[in-house]
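Q: Mind having a look at this structure? Questions to follow.
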Amino acid sequence: MHITNLEMTQAIVEIFSAFACLMFLVIIMMNRPKRKSMQLICCMFGVVAVLFAAEGCAYIFRGNTDTLSVIMTRVTNFLVFLSNIVLAEMFVAYVSLLLRENEAKPSIVHRRVAQICAAASTAILVLNLFTKWMYSFDAENYYHRGNLWYIYTAINIFCIFVGVYEGVRYRAALGRAVLYSIISYGFIPILAILCQSFLQGFSITNLGVLLSLILVLASYLLDWSKSEYEENEVVEKERKIFQLFTMLILMVIVMSISILSCVLSIKKMSTDSSESDSRIVAHVVSEAVEKALLRPITVSETMANDQGLRDLLKESGEVSAESVEERMAQYMNSIKEGMNYKMAFALSEKAQAYYTYNGISKYVDFSPDSHDVWYTEFVEYIEENDRRYKLNVDTDEDNGKTLSVFVNMRIDDENGNILGACGVGVEMDELQEILEYYEKEYNIKIDLVDADGLAQIDSDRERIESAYLESKYLTGLGPGGEEFSYENLEHSSRLTRYMETLDWYLVVEDLSPEKLSVFRITLPSLFAFFGGLVVMALTFAVISIREQRALNALEARRKASLTDELTGLYNRRAYEEDCAKIQREGMLSKYCIIMMDVNGLKFANDNFGHAAGDELIIGSANCMMTTFGGHGRVYRVGGDEFVALIKANREKLDESIVTFAHVTQNWKGTLVKELTISVGAAVCEEHPEMTFDQVKELADKLMYEDKDEYYRRTGKTRRK
C-alpha cells in the first residue's frame with residue numbers, strides 16, 4: 001500500500017485523537033451525568049471520535065487505486081463531512097440546553113435555523129454522490145475540492161455562529177468561563193482553517209475542533225452540578241473500583257494500540273525509506289565512479305580513433321616493433337602528460353609489443369597460463385558482447401607495480417580488423433578514496449564486482465580480486481534485465497545495481513537499514529501519549545472531585561431539607577417521605593408507630609421564656625433518640641409533636657416505652673426541672689385490616705388519651 005511518511009504521521013495523530021475522544025467520553029459517562037447538556041457533550045465527543053477515525057483512514061487509503069482503497073476513501077470522506085454537519089447542529093443544541101438548564105428562555109428560532117443549516121449541508125453532501133460538485137477523486141484516488149465545498153463550509157460555519165450568537169445574547173445566564181468556551185468553539189476552528197492554508201498536506205482543522213470541545217468540557221466542569229440521586233456506601237465504593245479498573249484497561253488498550261501502530265508504521269516506513277535511500281545512494285555512488293572512469297574511457301576511445309596511432313601499430317606489425325618504438329614513446333608520453341595519467345599504453349597484436357611512454361615495456365605472451373592472459377580474455381569478451389572496451393584490474397609494472405584499473409580499448413584498421421588495444425590506467429587509490437568517502441558519509445559498504453561476482457574495486461585492498469558476491473544476487477540484473485535488486489539481510493540490507501557503462505555491478509550494503517530510528521521517533525510520541533494519559537487522568541480526577549463535591553453539597557442540602565434545625569431530628573418532610581416509602585415497598589407490618597407530645601411546653605414558654613421552651617424541646621428529642629434512635633427514626637413533626645417509626649414487635653415496643661419513661665423521669669434541665677411526654681403507640685402487624693393512615697390515627701388517638709390521663713392525674717390544665 002502506497003503511503004507517504006507525512007500521511008502515515010497524520011493518520012497516527014488522527015487515530016490517537018479518536019482514542020483520546022473515546023477516553024473523554026468514557027470518563028464522563030462513568031460518572032453518570034444527569035444533565036442533558038453534559039450528556040450532549042458526551043455525544044459530541046463520540047462524533048469527534050468518528051470524525052478523527054474516518055480522517056485517519058482517509059489518509060491511509062488515499063493514493064491507492066485498488067478496490068478496497070477506492071471504497072474506503074469515499075466512505076471515510078463522506079463520514080468526515082457528515083460528522084461536521086452533526087457537530088455544528090449539536091453545538092447549537094448544547095447551547096440551547098445549557099441556557100434552559102440555567103433558567104433562561106432562548107428563542108426556538110435558533111434551533112430551527114441550525115436544523116435548516118444541517119438539512120442544507122446534508123442535501124449538498126448527498127447531491128455530491130451523484131454530481132461531484134462538492135468534492136471528487138482523481139485517477140490516483142486523491143481528494144479534490146469542488147465549488148460546492150465552499151458553500152457547504154460556509155453553511156456549517158454559519159450554523160456554529162448561530163450557537164455563538166445565542167450564547168452571547170443570553171450571556172447573563174452563563175458563567176464567564178462557559179461563555180468564553182462557547183465563543184472559542186466558533187473561532188478556534190476558523191483559525192485552524194486559516195492555518196491549514198499555510199500547512200499543505202497536514203490536517204489541523206480537526207485538531208482545532210477537538211481543542212474547542214475540550215475547552216467546552218473544561219468550562220462546563222467549573223459550573224457542573226449533579227442531579228439528585230442516592231447511592232449507598234457499598235454501591236459507591238463498587239462504582240469507584242469499577243471506574244478505576246475500566247480506566248486502567250482503557251489506558252492499556254489505547255497505549256498498546258497506539259504504540260503498536262506507531263512502531264509498525266515506522267518499521268514499514270523505515271524499510272521503504274531504506275530501499276529508497278539505498279537507490280539514491282547507489283545513483284550517487286554510480287555517478288561518482290562513472291565520472292572517475294568515464295574520462296579515461298573517453299581518452300582511450302580517442303586514442304583508438306587516432307589515425308596516427310593506427311598507422312604506428314600497422315607499421316610495427318609490417319616492419320618491426322623497434323622501428324616505431326621512439327615515436328610510440330613520444331605519443332604515449334603526450335597522453336600521459338597531457339591527460340595527467342601515470343600510464344598510457346598500446347599493444348600491437350601482430351608484433352606482440354606492449355608500448356608505454358618508456359618505449360617497448362615488454363613483449364606479450366598470449367599463452368593461457370601467462371600473466372598477459374588478460375589480452376586473450378579481452379578479445380574474447382569484446383567479440384562475445386559486441387563491445388569496444390573492457391575494464392581490467394591489474395598491477396602497473398611501469399609504475400612500481402601500483403594497483404590500477406586499466407581501460408582496454410580495441411583498435412581496428414580501416415577494414416574493421418583488430419590491430420590491438422590501447423588505453424590508460426587509473427590508480428586504484430583514486431577510486432578507493434571515492435568509495436571510502438561515501439562509505440563514511442552514509443554508513444554503507446560499497447563493492448564493484450564483475451559478472452562472476454569477483455570484487456574489482458573495494459575500499460579494502462585485501463578484498464580486491466579475492467572476495468566474491470554470491471551469483472544469486474546478480475541473477476536477473478544486467479543487459480535486458482532489471483537495473484536494481486534489493487534484499488533484506490539479517491543485520492543489514494543490500495542493493496545491487498548494474499552499471500552498463502562499466503559492465504560491472506555496484507553493490508551497496510546498508511549497515512543501518514532502519515534510517516528512521518523507531519526509538520528516536522517514537523520517544524516524542526510516547527511522551528505525547530503519556531502526556532495525553534495524564535491529561536485524561538487529571539480530567540477523570542477533576543470530574544470525580546467535582547462529582548464528590550456536588551454530592552457532598554447535595555447531601556448537605558438534602559439533609560438540611562429533611563432535618564429539624566433545633567433538635568437535629570428528622571422533620572415532617574422526612575416523615576412523609578419515609579411513610580410513602582414504607583407503603584410503596586409494602587413494609588408496613590414490620591413497623592411500630594409512636595406518637596409523642598411534650599406536656600407543659602406552653603407553660604414553660606409563658607413563664608420561663610422561649611429559651612426554656614427550646615430546652616424542653618431539645619431535652620425531649622435527646623430522650624427520644626436515646627431510646628428509639630437505635631431501632632428506627634425519630635421525627636419532629638410540629639412544635640411539641642414527635643413521631644418515632646421503629647421496627648419492633650409488641651414485646652419490644654413495650655420495653656422501649658418503659659425505658660423511655662425512665663429516661664424522661666431522670667432528665668434534668670437548667671431552666672426546666674421536669675420533663676413529661678404523652679405517648680401513643682401502635683403495632684402495625686396487630687392491625688392488618690387497617691391502612692397506614694388508620695394506624696397513625698390510632699397511635700395519635702392513644703397519645704391524646706395518655707395526655708388526658710396525665711392532666712387528670714396531675715390536676716394540671718394545658719396552660720400549667
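Each chain of the C-alpha cells is named A, B, ... in the order shown, its residues numbered from 1; ligands are numbered from 1 in display order.
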Give me, as a PyMOL selection string, all polymer residues having an atom no more than 8 Å from A:Met499, counting only C-alpha atoms and skipping those fewer than 5 positions away in the same chain.

A: chain A and resi 286+478+504-506

Q: Excluding A:Asn399 and any residue of its chain fewer than 4 positions from it, enumerate the residues within 9 Å of it, using only C-alpha atoms, and give them as a PyMOL selection string.

A: chain A and resi 342-343+395

Q: List the spatial neighbours of stretch 455-470 of chain A as a count of residues only - criterion: any atom at most 9 Å away, only C-alpha atoms, same-chain residues fewer than 2 positions off excluded.

A: 25

Q: So which one's closest to A:Lys668, A:Glu509, A:Glu576, A:Glu615, A:Glu430? Using only C-alpha atoms, please.

A: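 Of the candidates, the smallest distance to A:Lys668 is held by A:Glu615.
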
Q: Could you write out, as a ChimeraX atom specification, all the residues of stretch 404-524 of chain A that DSSP marks as strand (DSSP E or B)?

A: /A:404-412,418-427,444-449,454-458,468,477,482,484-488,493-499,504-510

Q: Would you mind reading off the distance between atom CA of A:Cys623 and atom CA of A:Glu585, one decimal, in Å?

A: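 If I compute the distance from atom CA of A:Cys623 to atom CA of A:Glu585, I get 29.7 Å.
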
Q: Give me, as an mmCIF file with N, CA and C atoms, in the first residue's frame, all polymer residues having an atom no more than 9 Å from A:Ala218, counting only C-alpha atoms and skipping those fewer than 5 positions away in the same chain.

A:
```
data_model
loop_
_atom_site.group_PDB
_atom_site.id
_atom_site.type_symbol
_atom_site.label_atom_id
_atom_site.label_comp_id
_atom_site.auth_asym_id
_atom_site.auth_seq_id
_atom_site.Cartn_x
_atom_site.Cartn_y
_atom_site.Cartn_z
ATOM 1 N N ALA A 177 -16.586 31.597 32.186
ATOM 2 C CA ALA A 177 -15.787 30.562 31.535
ATOM 3 C C ALA A 177 -16.594 29.832 30.467
ATOM 4 N N VAL A 178 -17.853 29.514 30.769
ATOM 5 C CA VAL A 178 -18.714 28.829 29.802
ATOM 6 C C VAL A 178 -18.944 29.698 28.580
ATOM 7 N N SER A 181 -15.881 29.713 26.415
ATOM 8 C CA SER A 181 -15.696 28.448 25.705
ATOM 9 C C SER A 181 -16.635 28.352 24.502
ATOM 10 N N LEU A 213 -13.741 21.635 21.768
ATOM 11 C CA LEU A 213 -14.631 20.790 22.556
ATOM 12 C C LEU A 213 -14.059 20.542 23.953
ATOM 13 N N THR A 539 -8.385 14.820 34.029
ATOM 14 C CA THR A 539 -9.803 15.071 33.734
ATOM 15 C C THR A 539 -10.689 14.169 34.572
#
```

Q: Env of stretch 365-370 of chain A: 10 Å cut, atoms = only C-alpha atoms, seq-sep filter 3 positions within chain, self excluded. Answer as a list in words.

A: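 In the requested form, the answer reads Glu349, Gln352, Ala353, Lys362, Val373, Trp374, Tyr375, Thr376 and Glu377 of chain A.
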
Q: I'd like to know which of A:Asn84, A:Ser96, A:Asn666, A:Asn305 is closest to A:Lys36, using only C-alpha atoms.

A: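 Closest to A:Lys36 of all the choices is A:Ser96.
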
Q: Looking at only C-alpha atoms, which of A:Gly56, A:Gly480, A:Pro106, A:Gly680 is the one that sits closest to A:Phe19?

A: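 The closest residue to A:Phe19 is A:Gly56.
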
Q: From the list A:Trp133, A:Phe61, A:Phe406, A:Tyr94, which residue is nearest A:Gly425 when using only C-alpha atoms?

A: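 Looking only at the distances to A:Gly425, the closest residue turns out to be A:Phe406.
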